[in-house]
$ cat work_21.cif   # mmCIF, C-alpha atoms
data_start
#
loop_
_atom_site.label_atom_id
_atom_site.label_comp_id
_atom_site.auth_asym_id
_atom_site.auth_seq_id
_atom_site.Cartn_x
_atom_site.Cartn_y
_atom_site.Cartn_z
CA MET A 459 111.08 55.50 138.11
CA GLU A 460 108.79 53.43 140.30
CA GLN A 461 111.05 50.70 141.72
CA LYS A 462 111.05 50.47 145.49
CA ASP A 463 113.76 52.39 147.35
CA PHE A 464 114.90 54.30 144.27
CA SER A 465 114.37 57.81 142.98
CA TYR A 466 116.11 60.23 140.64
CA GLN A 467 116.03 63.88 139.74
CA PHE A 468 117.68 65.90 136.96
CA TYR A 469 118.78 69.46 137.67
CA LYS A 470 119.47 71.70 134.68
CA THR A 471 120.73 74.82 136.44
CA THR A 472 123.54 75.34 138.90
CA SER A 473 121.34 77.11 141.45
CA GLU A 474 118.77 74.27 141.48
CA ALA A 475 121.52 71.73 142.01
CA TRP A 476 123.11 73.76 144.82
CA ASP A 477 119.82 73.94 146.71
CA ALA A 478 119.29 70.19 146.41
CA MET A 479 122.87 69.42 147.49
CA TYR A 480 122.61 71.75 150.47
CA GLN A 481 119.38 70.15 151.65
CA ALA A 482 120.96 66.70 151.28
CA LEU A 483 123.89 67.79 153.44
CA LEU A 484 121.56 69.09 156.14
CA SER A 485 119.63 65.79 156.07
CA ALA A 486 122.76 63.60 156.35
CA GLN A 487 122.62 61.09 159.22
CA LYS A 488 125.74 58.97 158.80
CA SER A 489 128.38 60.16 156.37
CA ILE A 490 129.34 62.68 153.67
CA PHE A 491 131.92 61.91 150.99
CA TRP A 492 132.56 64.62 148.42
CA GLU A 493 135.11 65.04 145.66
CA ILE A 494 134.92 68.20 143.60
CA PHE A 495 137.04 70.08 141.08
CA ILE A 496 136.19 73.69 141.96
CA PHE A 497 135.11 74.64 145.47
CA VAL A 498 135.48 78.27 146.55
CA ASP A 499 134.39 79.45 149.99
CA ASP A 500 132.79 82.64 148.65
CA ILE A 501 129.18 83.77 149.10
CA ALA A 502 128.05 80.61 147.33
CA GLY A 503 130.41 78.19 149.02
CA SER A 504 130.23 79.49 152.59
CA ARG A 505 126.90 77.80 153.35
CA PHE A 506 128.35 74.46 152.26
CA VAL A 507 131.32 74.98 154.56
CA ASP A 508 128.88 75.76 157.40
CA ALA A 509 126.86 72.61 156.71
CA LEU A 510 129.95 70.38 156.57
CA CYS A 511 131.23 71.80 159.87
CA GLU A 512 127.85 71.34 161.53
CA LYS A 513 127.59 67.71 160.43
CA ALA A 514 131.13 66.85 161.45
CA ARG A 515 130.62 68.39 164.89
CA SER A 516 127.48 66.29 165.33
CA GLY A 517 129.54 63.12 164.85
CA LEU A 518 129.13 62.27 161.16
CA GLU A 519 132.03 60.98 159.08
CA VAL A 520 132.80 63.84 156.69
CA LYS A 521 135.54 63.63 154.08
CA ILE A 522 136.08 66.02 151.16
CA ILE A 523 138.62 65.95 148.34
CA ILE A 524 139.16 69.19 146.42
CA ASP A 525 141.43 69.52 143.41
CA ALA A 526 144.51 71.56 144.27
CA TYR A 527 144.39 73.46 140.97
CA GLY A 528 140.65 73.79 140.44
CA SER A 529 140.09 74.79 144.08
CA PHE A 530 143.21 76.94 144.33
CA SER A 531 141.06 79.80 145.68
CA PHE A 532 139.64 77.72 148.51
CA SER A 533 141.05 79.56 151.50
CA TRP A 534 143.31 78.04 154.10
CA ALA A 535 141.15 79.70 156.74
CA ALA A 536 138.12 77.72 155.53
CA GLU A 537 140.19 74.56 155.44
CA ARG A 538 141.35 75.08 159.03
CA ARG A 539 137.77 75.72 160.09
CA LEU A 540 136.66 72.47 158.50
CA ARG A 541 139.52 70.53 160.08
CA ASP A 542 138.83 72.01 163.51
CA ALA A 543 135.21 70.85 163.19
CA GLY A 544 136.35 67.30 162.36
CA VAL A 545 136.10 67.33 158.57
CA GLU A 546 138.93 65.54 156.78
CA VAL A 547 140.05 67.76 153.89
CA LEU A 548 142.46 66.59 151.20
CA ARG A 549 143.80 68.53 148.24
CA PHE A 550 144.21 66.28 145.21
CA ASN A 551 147.59 66.49 143.47
CA ARG A 552 149.09 69.38 145.43
CA LEU A 553 150.91 72.09 143.49
CA HIS A 554 154.01 72.56 145.66
CA PRO A 555 157.21 71.36 143.90
CA GLU A 556 158.92 68.07 144.74
CA LEU A 557 162.57 67.06 144.63
CA ARG A 558 161.91 64.81 141.63
CA LEU A 559 161.02 67.79 139.44
CA ALA A 560 160.35 65.90 136.18
CA ARG A 561 157.96 63.52 137.91
CA TRP A 562 156.19 66.41 139.61
CA LEU A 563 155.78 68.35 136.35
CA ALA A 564 154.31 65.28 134.65
CA ARG A 565 151.95 64.67 137.55
CA LEU A 566 150.65 68.26 137.47
CA TRP A 567 148.61 67.51 134.33
CA PHE A 568 146.47 64.95 136.16
CA ARG A 569 143.55 66.71 137.81
CA ASN A 570 140.47 65.48 139.66
CA HIS A 571 137.61 66.82 137.54
CA ARG A 572 134.90 64.79 139.28
CA LYS A 573 131.90 66.37 141.00
CA VAL A 574 130.50 63.57 143.13
CA LEU A 575 128.66 64.03 146.41
CA ILE A 576 127.62 60.90 148.35
CA VAL A 577 125.40 61.27 151.41
CA ASP A 578 124.83 58.34 153.79
CA GLU A 579 126.13 55.97 151.09
CA TRP A 580 122.64 56.19 149.59
CA VAL A 581 122.08 59.58 147.95
CA VAL A 582 124.42 60.41 145.08
CA PHE A 583 124.84 63.63 143.10
CA LEU A 584 127.04 63.66 140.00
CA GLY A 585 127.47 65.74 136.87
CA GLY A 586 129.08 69.05 136.04
CA VAL A 587 128.29 71.33 138.99
CA ASN A 588 131.09 73.14 140.86
CA ILE A 589 130.82 75.57 143.80
CA HIS A 590 131.72 79.15 142.87
CA ALA A 591 129.56 82.28 142.99
CA ALA A 592 130.52 83.11 139.40
CA TYR A 593 128.60 80.03 138.22
CA GLN A 594 125.31 80.77 139.95
CA SER A 595 123.54 81.92 136.78
CA TRP A 596 124.84 79.08 134.62
CA ASP A 597 122.84 76.22 133.21
CA ASP A 598 124.37 72.85 133.99
CA MET A 599 123.45 69.20 134.30
CA TYR A 600 123.40 67.38 137.63
CA LEU A 601 121.74 64.08 138.49
CA LYS A 602 120.57 62.92 141.89
CA LEU A 603 120.19 59.19 142.47
CA ALA A 604 118.81 57.76 145.69
CA GLY A 605 119.06 54.02 146.21
CA PRO A 606 121.44 51.06 146.53
CA LEU A 607 123.75 52.28 143.76
CA ALA A 608 126.64 54.06 145.44
CA ARG A 609 129.24 51.26 145.68
CA PRO A 610 131.23 52.02 142.47
CA LEU A 611 131.41 55.72 143.34
CA LEU A 612 132.40 54.97 146.94
CA ARG A 613 135.28 52.85 145.62
CA GLY A 614 136.27 55.68 143.29
CA PHE A 615 136.20 58.13 146.18
CA ALA A 616 138.36 55.83 148.30
CA LYS A 617 140.97 55.52 145.55
CA SER A 618 141.05 59.31 145.09
CA TYR A 619 141.36 59.68 148.85
CA ILE A 620 144.42 57.41 148.92
CA SER A 621 145.93 59.17 145.88
CA ALA A 622 145.49 62.51 147.64
CA GLY A 623 147.47 61.29 150.66
CA GLY A 624 144.77 59.79 152.87
CA GLU A 625 145.39 56.68 154.93
CA LYS A 626 144.05 53.52 153.31
CA ARG A 627 142.84 52.18 156.63
CA ASN A 628 140.40 55.10 156.86
CA VAL A 629 138.55 54.06 153.71
CA ARG A 630 139.13 50.31 153.66
CA LYS A 631 135.42 49.67 154.14
CA LEU A 632 134.69 51.58 150.92
CA LEU A 633 137.06 49.46 148.84
CA GLY A 634 135.13 46.19 149.10
CA THR A 635 134.80 44.48 145.72
CA LYS A 636 131.76 42.33 146.51
CA LEU A 637 128.54 43.72 145.09
CA SER A 638 125.49 43.68 147.30
CA ASP A 639 122.45 41.73 146.11
CA ASP A 640 120.66 45.05 145.70
CA LEU A 641 123.35 46.44 143.43
CA LYS A 642 123.41 43.28 141.31
CA LEU A 643 119.75 43.86 140.54
CA TRP A 644 120.52 47.37 139.26
CA LYS A 645 123.80 46.65 137.49
CA GLU A 646 122.24 46.15 134.07
CA LYS A 647 120.45 49.49 134.11
CA PHE A 648 123.24 51.61 135.57
CA LYS A 649 126.87 51.66 134.44
CA PHE A 650 129.13 53.95 136.41
CA ILE A 651 132.31 55.38 134.93
CA VAL A 652 135.02 56.11 137.47
CA HIS A 653 137.84 57.07 135.13
CA SER A 654 141.43 57.36 136.34
CA PRO A 655 143.86 57.74 133.41
CA ARG A 656 146.85 57.35 135.71
CA PHE A 657 146.03 53.67 136.07
CA LYS A 658 144.78 52.74 132.58
CA LYS A 659 146.05 53.82 129.19
CA ILE A 660 142.68 53.17 127.51
CA SER A 661 140.33 56.12 127.81
CA LYS A 662 137.01 54.90 129.21
CA THR A 663 135.54 58.31 128.55
CA ARG A 664 136.28 58.47 124.83
CA ARG A 665 135.30 54.82 124.43
CA LEU A 666 131.91 55.67 125.97
CA PHE A 667 131.15 58.27 123.29
CA VAL A 668 132.51 56.19 120.41
CA GLN A 669 130.48 53.14 121.46
CA ALA A 670 127.36 55.29 121.71
CA LEU A 671 127.84 56.44 118.13
CA THR A 672 128.49 52.85 117.06
CA VAL A 673 125.29 51.34 118.52
CA ALA A 674 122.90 54.24 117.77
CA LYS A 675 120.10 53.52 115.32
CA GLU A 676 118.32 56.85 115.00
CA SER A 677 119.94 59.69 116.94
CA VAL A 678 122.66 60.70 119.38
CA ASN A 679 122.62 63.96 121.33
CA PHE A 680 125.70 65.41 123.02
CA LEU A 681 125.80 68.32 125.47
CA THR A 682 129.26 69.68 126.24
CA PRO A 683 130.55 73.15 127.12
CA TYR A 684 133.96 72.55 125.52
CA PHE A 685 134.41 70.77 122.20
CA VAL A 686 137.81 69.51 121.10
CA PRO A 687 137.08 66.15 119.41
CA ASP A 688 139.79 63.78 118.27
CA LYS A 689 140.06 61.83 115.03
CA GLN A 690 138.44 58.66 116.38
CA PHE A 691 135.42 60.55 117.68
CA LEU A 692 134.88 62.29 114.32
CA GLN A 693 135.32 59.01 112.45
CA ALA A 694 132.62 57.46 114.65
CA VAL A 695 130.34 60.42 113.85
CA ALA A 696 130.92 59.91 110.11
CA LEU A 697 130.18 56.17 110.32
CA ALA A 698 127.00 56.84 112.30
CA ARG A 699 125.79 59.34 109.69
CA ARG A 700 126.36 56.79 106.94
CA ARG A 701 123.94 54.51 108.76
CA GLY A 702 121.38 57.33 108.84
CA VAL A 703 121.91 58.30 112.48
CA LYS A 704 121.33 61.97 113.35
CA VAL A 705 124.15 63.36 115.48
CA ASN A 706 123.38 66.58 117.35
CA ILE A 707 125.99 68.49 119.35
CA PHE A 708 124.83 71.22 121.74
CA LEU A 709 127.33 73.89 122.81
CA PRO A 710 127.01 77.25 124.56
CA LEU A 711 127.37 80.16 122.16
CA ARG A 712 129.81 81.77 124.59
CA THR A 713 131.83 79.90 127.20
CA ASP A 714 133.87 80.98 130.21
CA SER A 715 137.09 79.98 128.40
CA LYS A 716 137.92 82.06 125.34
CA LEU A 717 140.82 79.78 124.43
CA LEU A 718 138.62 76.68 124.40
CA GLU A 719 135.94 78.59 122.53
CA LEU A 720 138.50 79.56 119.90
CA LEU A 721 139.83 76.02 119.75
CA ALA A 722 136.33 74.65 119.16
CA LEU A 723 136.06 76.94 116.14
CA THR A 724 138.90 75.07 114.48
CA TYR A 725 136.93 71.82 114.64
CA TYR A 726 133.60 72.99 113.30
CA GLY A 727 134.55 72.34 109.68
CA HIS A 728 135.69 68.77 110.44
CA THR A 729 132.58 68.15 112.50
CA LEU A 730 130.23 69.34 109.77
CA LYS A 731 132.13 67.28 107.22
CA ALA A 732 131.62 64.22 109.43
CA GLY A 733 127.90 64.94 109.28
CA ALA A 734 126.99 66.23 112.73
CA ASN A 735 124.59 69.07 113.45
CA ILE A 736 125.86 71.82 115.76
CA TYR A 737 123.50 73.89 117.91
CA PHE A 738 124.44 76.90 120.03
CA LEU A 739 122.66 77.55 123.32
CA PRO A 740 122.06 81.22 124.21
CA THR A 741 123.40 81.03 127.78
CA MET A 742 126.43 79.35 129.33
CA ASN A 743 125.65 75.68 129.79
CA HIS A 744 128.30 73.71 131.68
CA GLY A 745 126.45 70.39 131.43
CA LYS A 746 127.90 67.15 130.11
CA ALA A 747 125.25 64.70 128.93
CA MET A 748 124.39 62.30 126.14
CA SER A 749 121.35 60.38 124.91
CA VAL A 750 121.24 57.53 122.40
CA ASP A 751 117.87 56.98 120.69
CA ASN A 752 115.33 56.30 123.44
CA THR A 753 117.44 53.58 124.99
CA LEU A 754 120.48 55.10 126.74
CA GLY A 755 121.35 58.25 128.66
CA HIS A 756 124.49 59.54 130.31
CA VAL A 757 125.32 62.33 132.75
CA GLY A 758 128.76 63.05 134.15
CA SER A 759 131.74 65.36 134.37
CA ILE A 760 133.24 64.41 130.99
CA ASN A 761 133.89 67.07 128.35
CA ILE A 762 134.63 66.17 124.73
CA THR A 763 138.26 67.24 125.06
CA PRO A 764 141.64 65.46 125.22
CA ARG A 765 142.02 66.57 128.84
CA SER A 766 138.83 64.78 129.89
CA PHE A 767 139.76 61.75 127.79
CA TYR A 768 143.35 61.33 128.95
CA PHE A 769 144.39 63.56 131.86
CA ASN A 770 141.46 64.01 134.24
CA GLU A 771 139.89 61.88 136.91
CA GLU A 772 136.29 61.80 135.67
CA SER A 773 133.00 60.24 136.69
CA GLY A 774 129.59 59.61 135.20
CA VAL A 775 126.68 57.23 134.95
CA SER A 776 125.01 55.67 131.93
CA PHE A 777 121.45 54.45 132.35
CA SER A 778 118.94 52.49 130.30
CA ASP A 779 115.87 53.09 132.42
CA GLU A 780 113.13 54.13 130.00
CA ARG A 781 111.72 56.97 132.11
CA MET A 782 115.11 58.48 132.82
CA VAL A 783 116.15 58.39 129.16
CA ASN A 784 112.83 59.94 128.16
CA ASP A 785 113.26 62.73 130.72
CA LEU A 786 116.74 63.45 129.42
CA ASN A 787 115.50 63.54 125.82
CA VAL A 788 112.80 66.01 126.88
CA LEU A 789 115.59 68.28 128.09
CA PHE A 790 117.45 67.91 124.80
CA ASN A 791 114.27 68.81 122.91
CA GLU A 792 113.85 71.90 125.09
CA TRP A 793 117.42 72.97 124.36
CA LYS A 794 116.90 72.43 120.64
CA LYS A 795 113.90 74.78 120.66
CA ILE A 796 115.98 77.67 122.03
CA ALA A 797 119.24 76.82 120.24
CA GLN A 798 120.67 78.56 117.21
CA PRO A 799 121.81 76.21 114.40
CA PHE A 800 125.39 76.62 113.28
CA ASP A 801 125.72 79.17 110.46
CA GLU A 802 128.19 77.51 108.10
CA GLU A 803 128.23 80.35 105.56
CA ARG A 804 129.08 82.93 108.21
CA TRP A 805 131.79 80.66 109.59
CA LYS A 806 133.38 80.32 106.15
CA LYS A 807 133.54 84.12 105.85
CA ARG A 808 135.53 84.64 109.07
CA GLY A 809 138.52 86.92 108.67
CA VAL A 810 142.25 86.25 108.37
CA TRP A 811 142.94 87.37 111.93
CA SER A 812 140.46 84.80 113.22
CA LYS A 813 142.20 82.08 111.23
CA ILE A 814 145.59 83.16 112.60
CA LYS A 815 144.29 82.89 116.17
CA GLU A 816 142.84 79.48 115.38
CA TRP A 817 146.21 78.33 113.98
CA TRP A 818 147.96 79.52 117.12
CA VAL A 819 145.56 77.88 119.56
CA ARG A 820 145.92 74.53 117.76
CA ARG A 821 149.61 74.63 118.66
CA VAL A 822 148.78 74.58 122.38
CA GLU A 823 145.56 72.54 122.43
CA ASN A 824 147.07 69.63 124.38
CA PHE A 825 147.78 71.97 127.29
CA LEU A 826 144.23 73.35 127.62
#
$ encode --input "work_21.cif" --output "structure tokens"
Amino acid sequence: MEQKDFSYQFYKTTSEAWDAMYQALLSAQKSIFWEIFIFVDDIAGSRFVDALCEKARSGLEVKIIIDAYGSFSFSWAAERRLRDAGVEVLRFNRLHPELRLARWLARLWFRNHRKVLIVDEWVVFLGGVNIHAAYQSWDDMYLKLAGPLARPLLRGFAKSYISAGGEKRNVRKLLGTKLSDDLKLWKEKFKFIVHSPRFKKISKTRRLFVQALTVAKESVNFLTPYFVPDKQFLQAVALARRRGVKVNIFLPLRTDSKLLELLALTYYGHTLKAGANIYFLPTMNHGKAMSVDNTLGHVGSINITPRSFYFNEESGVSFSDERMVNDLNVLFNEWKKIAQPFDEERWKKRGVWSKIKEWWVRRVENFL
């Protein structure tokens, strides 16, 4: 994209994204704000801890929010080290019990699934990438934006910060509602989703996918590692197919969650009946992305699951810039070349034991 003071970059593997994020941290001059679902201070995460400590000691404002469940393995030693260096560390939705037990149990389901890194209020990374050595070989989808676009994500960070126990006065400057003139110029091409189901009953995330299927004229591509669609999503797929729209869903052949993989199996029949094409990628792909014709693209942290729709704090960005959408569609075309189409006949011949497991996992799907 050739507009002044703006650039973007897609990363399709975890390791590529890590390298870019690390370099951005080292280049930070003013501030670092980071909210992330899984952050483990292992061989992969230790260099990020080092960089955060270095920047905080040099006088930068450094704040990080990690999810208490997703980052359960983030050590207290690393947290103390960060705090001693001047980094403010908050754990979102802590797991220790409260006196109001029923309220605490209900609150446990709400997790911060965002993966947003904001450097100097100018460079933004968002998508599906976590920090854990086990994910180093994964494919994923991460998007770097550099330009006057960070305001909605800064507001989202500030609200998560307050929800996690931070003092409002420390992030008041990030909560401003007035859009800069620069951001107004970009607003039509970039729509940020900062989804917090605790505050709104309507799922912005599901509405995003349903609207995409509603406005598509030729094709819609979805990339998701976990696939647990609801009735409204499948109805939107069926209506799109009646209009002649091709709907392609890309999934990893094997995921890191056997339960979610098994649960997805139970929806393949409904999805095929709705008219979608299913493609299996040969390696684990943790990316979450969507393209609509050659007019709209989306990258974020949102899975096609009830948890992402209704229980998680999520984030993403939709964009209509022609070059960006084209670049994303190039990636979808590359994935299609290496993907294996769904074998419906083989699926129909699966054994009784497989069907029993599928029946069982449907009983607990709302908890996954």
$ atom_distance --input "work_21.cif" --atom1 "atom CA of A:Glu771" --atom2 "atom CA of A:Asn787"
26.8 Å
$ resolve_selection --input "work_21.cif" --expression "the PyMOL selection byres ((chain A and resi 703) around 10)" --output "ChimeraX atom specification"
/A:671-678,695-702,704-706,733-734,750-751
$ closest_residue --input "work_21.cif" --among "A:Arg712, A:Lys645, A:His554, A:Arg569" --to "A:Ser529" --atoms "all atoms listed in the file"
A:Arg569
$ closest_residue --input "work_21.cif" --among "A:Phe568, A:Leu711, A:Ala694, A:Lys649" --to "A:Gln669" --atoms "only C-alpha atoms"
A:Ala694
$ closest_residue --input "work_21.cif" --among "A:Ala536, A:Ala486, A:Ala543, A:Leu553" --to "A:Leu575" --atoms "all atoms listed in the file"
A:Ala486
$ closest_residue --input "work_21.cif" --among "A:Ser485, A:Ser533, A:Ser473, A:Asn679" --to "A:Asp499" --atoms "all atoms listed in the file"
A:Ser533
$ resolve_selection --input "work_21.cif" --expression "the PyMOL selection byres ((chain A and resi 584) around 9)" --output "PDB file with C-alpha atoms, in the coordinates of the input"
ATOM      1  CA  ARG A 572     134.900  64.790 139.280  1.00  0.00           C
ATOM      2  CA  LYS A 573     131.900  66.370 141.000  1.00  0.00           C
ATOM      3  CA  VAL A 574     130.500  63.570 143.130  1.00  0.00           C
ATOM      4  CA  LEU A 575     128.660  64.030 146.410  1.00  0.00           C
ATOM      5  CA  ILE A 576     127.620  60.900 148.350  1.00  0.00           C
ATOM      6  CA  VAL A 582     124.420  60.410 145.080  1.00  0.00           C
ATOM      7  CA  PHE A 583     124.840  63.630 143.100  1.00  0.00           C
ATOM      8  CA  GLY A 585     127.470  65.740 136.870  1.00  0.00           C
ATOM      9  CA  GLY A 586     129.080  69.050 136.040  1.00  0.00           C
ATOM     10  CA  VAL A 587     128.290  71.330 138.990  1.00  0.00           C
ATOM     11  CA  MET A 599     123.450  69.200 134.300  1.00  0.00           C
ATOM     12  CA  TYR A 600     123.400  67.380 137.630  1.00  0.00           C
ATOM     13  CA  LEU A 601     121.740  64.080 138.490  1.00  0.00           C
ATOM     14  CA  LYS A 602     120.570  62.920 141.890  1.00  0.00           C
ATOM     15  CA  LEU A 603     120.190  59.190 142.470  1.00  0.00           C
ATOM     16  CA  VAL A 757     125.320  62.330 132.750  1.00  0.00           C
ATOM     17  CA  GLY A 758     128.760  63.050 134.150  1.00  0.00           C
ATOM     18  CA  SER A 759     131.740  65.360 134.370  1.00  0.00           C
ATOM     19  CA  SER A 773     133.000  60.240 136.690  1.00  0.00           C
ATOM     20  CA  GLY A 774     129.590  59.610 135.200  1.00  0.00           C
ATOM     21  CA  VAL A 775     126.680  57.230 134.950  1.00  0.00           C
TER      22      VAL A 775
END
$ atom_distance --input "work_21.cif" --atom1 "atom CA of A:Phe650" --atom2 "atom CA of A:Val545"
26.8 Å
$ resolve_selection --input "work_21.cif" --expression "the PyMOL selection byres ((chain A and resi 502-519) around 12)" --output "MDAnalysis selection string"
chainID A and resid 472:473 476:492 496:501 520:522 529 531:533 535:547 575:579 588:595 628:629
$ residues_around --input "work_21.cif" --residues "A:Lys794" --least-positions-apart "3" --cutoff "9 Å" --atoms "all atoms listed in the file" --output "count of residues only"
10
$ closest_residue --input "work_21.cif" --among "A:Ile707, A:Glu719, A:Leu681, A:Ser654" --to "A:Ser621" --atoms "only C-alpha atoms"
A:Ser654
$ build_atoms --input "work_21.cif" --residues "stretch 681-706 of chain A" --atoms "N, CA and C atoms" --output "PDB file, keeping the file's coordinate frame"
ATOM      1  N   LEU A 681     125.717  66.991 124.850  1.00  0.00           N
ATOM      2  CA  LEU A 681     125.800  68.320 125.470  1.00  0.00           C
ATOM      3  C   LEU A 681     127.169  68.444 126.091  1.00  0.00           C
ATOM      4  N   THR A 682     127.918  69.463 125.695  1.00  0.00           N
ATOM      5  CA  THR A 682     129.260  69.680 126.240  1.00  0.00           C
ATOM      6  C   THR A 682     129.579  71.172 126.165  1.00  0.00           C
ATOM      7  N   PRO A 683     130.205  71.731 127.191  1.00  0.00           N
ATOM      8  CA  PRO A 683     130.550  73.150 127.120  1.00  0.00           C
ATOM      9  C   PRO A 683     131.816  73.412 126.299  1.00  0.00           C
ATOM     10  N   TYR A 684     132.672  72.406 126.215  1.00  0.00           N
ATOM     11  CA  TYR A 684     133.960  72.550 125.520  1.00  0.00           C
ATOM     12  C   TYR A 684     134.058  71.406 124.516  1.00  0.00           C
ATOM     13  N   PHE A 685     134.470  71.741 123.287  1.00  0.00           N
ATOM     14  CA  PHE A 685     134.410  70.770 122.200  1.00  0.00           C
ATOM     15  C   PHE A 685     135.733  70.738 121.453  1.00  0.00           C
ATOM     16  N   VAL A 686     136.521  69.709 121.773  1.00  0.00           N
ATOM     17  CA  VAL A 686     137.810  69.510 121.100  1.00  0.00           C
ATOM     18  C   VAL A 686     137.890  68.018 120.738  1.00  0.00           C
ATOM     19  N   PRO A 687     137.143  67.576 119.737  1.00  0.00           N
ATOM     20  CA  PRO A 687     137.080  66.150 119.410  1.00  0.00           C
ATOM     21  C   PRO A 687     138.370  65.647 118.785  1.00  0.00           C
ATOM     22  N   ASP A 688     138.624  64.359 118.926  1.00  0.00           N
ATOM     23  CA  ASP A 688     139.790  63.780 118.270  1.00  0.00           C
ATOM     24  C   ASP A 688     139.343  63.026 117.018  1.00  0.00           C
ATOM     25  N   LYS A 689     140.317  62.476 116.314  1.00  0.00           N
ATOM     26  CA  LYS A 689     140.060  61.830 115.030  1.00  0.00           C
ATOM     27  C   LYS A 689     139.103  60.650 115.170  1.00  0.00           C
ATOM     28  N   GLN A 690     139.281  59.840 116.215  1.00  0.00           N
ATOM     29  CA  GLN A 690     138.440  58.660 116.380  1.00  0.00           C
ATOM     30  C   GLN A 690     136.988  59.049 116.642  1.00  0.00           C
ATOM     31  N   PHE A 691     136.778  60.087 117.415  1.00  0.00           N
ATOM     32  CA  PHE A 691     135.420  60.550 117.680  1.00  0.00           C
ATOM     33  C   PHE A 691     134.750  60.996 116.375  1.00  0.00           C
ATOM     34  N   LEU A 692     135.452  61.788 115.573  1.00  0.00           N
ATOM     35  CA  LEU A 692     134.880  62.290 114.320  1.00  0.00           C
ATOM     36  C   LEU A 692     134.657  61.151 113.322  1.00  0.00           C
ATOM     37  N   GLN A 693     135.528  60.168 113.322  1.00  0.00           N
ATOM     38  CA  GLN A 693     135.320  59.010 112.450  1.00  0.00           C
ATOM     39  C   GLN A 693     134.057  58.255 112.853  1.00  0.00           C
ATOM     40  N   ALA A 694     133.833  58.132 114.167  1.00  0.00           N
ATOM     41  CA  ALA A 694     132.620  57.460 114.650  1.00  0.00           C
ATOM     42  C   ALA A 694     131.375  58.254 114.259  1.00  0.00           C
ATOM     43  N   VAL A 695     131.461  59.587 114.293  1.00  0.00           N
ATOM     44  CA  VAL A 695     130.340  60.420 113.850  1.00  0.00           C
ATOM     45  C   VAL A 695     130.048  60.155 112.371  1.00  0.00           C
ATOM     46  N   ALA A 696     131.097  60.126 111.548  1.00  0.00           N
ATOM     47  CA  ALA A 696     130.920  59.910 110.110  1.00  0.00           C
ATOM     48  C   ALA A 696     130.292  58.547 109.822  1.00  0.00           C
ATOM     49  N   LEU A 697     130.726  57.515 110.519  1.00  0.00           N
ATOM     50  CA  LEU A 697     130.180  56.170 110.320  1.00  0.00           C
ATOM     51  C   LEU A 697     128.714  56.120 110.751  1.00  0.00           C
ATOM     52  N   ALA A 698     128.394  56.808 111.847  1.00  0.00           N
ATOM     53  CA  ALA A 698     127.000  56.840 112.300  1.00  0.00           C
ATOM     54  C   ALA A 698     126.115  57.524 111.264  1.00  0.00           C
ATOM     55  N   ARG A 699     126.584  58.617 110.695  1.00  0.00           N
ATOM     56  CA  ARG A 699     125.790  59.340 109.690  1.00  0.00           C
ATOM     57  C   ARG A 699     125.556  58.485 108.449  1.00  0.00           C
ATOM     58  N   ARG A 700     126.544  57.673 108.097  1.00  0.00           N
ATOM     59  CA  ARG A 700     126.360  56.790 106.940  1.00  0.00           C
ATOM     60  C   ARG A 700     125.262  55.764 107.172  1.00  0.00           C
ATOM     61  N   ARG A 701     125.020  55.438 108.429  1.00  0.00           N
ATOM     62  CA  ARG A 701     123.940  54.510 108.760  1.00  0.00           C
ATOM     63  C   ARG A 701     122.610  55.243 108.924  1.00  0.00           C
ATOM     64  N   GLY A 702     122.604  56.545 108.725  1.00  0.00           N
ATOM     65  CA  GLY A 702     121.380  57.330 108.840  1.00  0.00           C
ATOM     66  C   GLY A 702     121.101  57.866 110.220  1.00  0.00           C
ATOM     67  N   VAL A 703     122.081  57.816 111.114  1.00  0.00           N
ATOM     68  CA  VAL A 703     121.910  58.300 112.480  1.00  0.00           C
ATOM     69  C   VAL A 703     122.104  59.823 112.506  1.00  0.00           C
ATOM     70  N   LYS A 704     121.184  60.525 113.153  1.00  0.00           N
ATOM     71  CA  LYS A 704     121.330  61.970 113.350  1.00  0.00           C
ATOM     72  C   LYS A 704     122.210  62.221 114.572  1.00  0.00           C
ATOM     73  N   VAL A 705     123.240  63.031 114.391  1.00  0.00           N
ATOM     74  CA  VAL A 705     124.150  63.360 115.480  1.00  0.00           C
ATOM     75  C   VAL A 705     124.049  64.845 115.766  1.00  0.00           C
ATOM     76  N   ASN A 706     123.578  65.183 116.959  1.00  0.00           N
ATOM     77  CA  ASN A 706     123.380  66.580 117.350  1.00  0.00           C
ATOM     78  C   ASN A 706     124.332  66.928 118.493  1.00  0.00           C
TER      79      ASN A 706
END
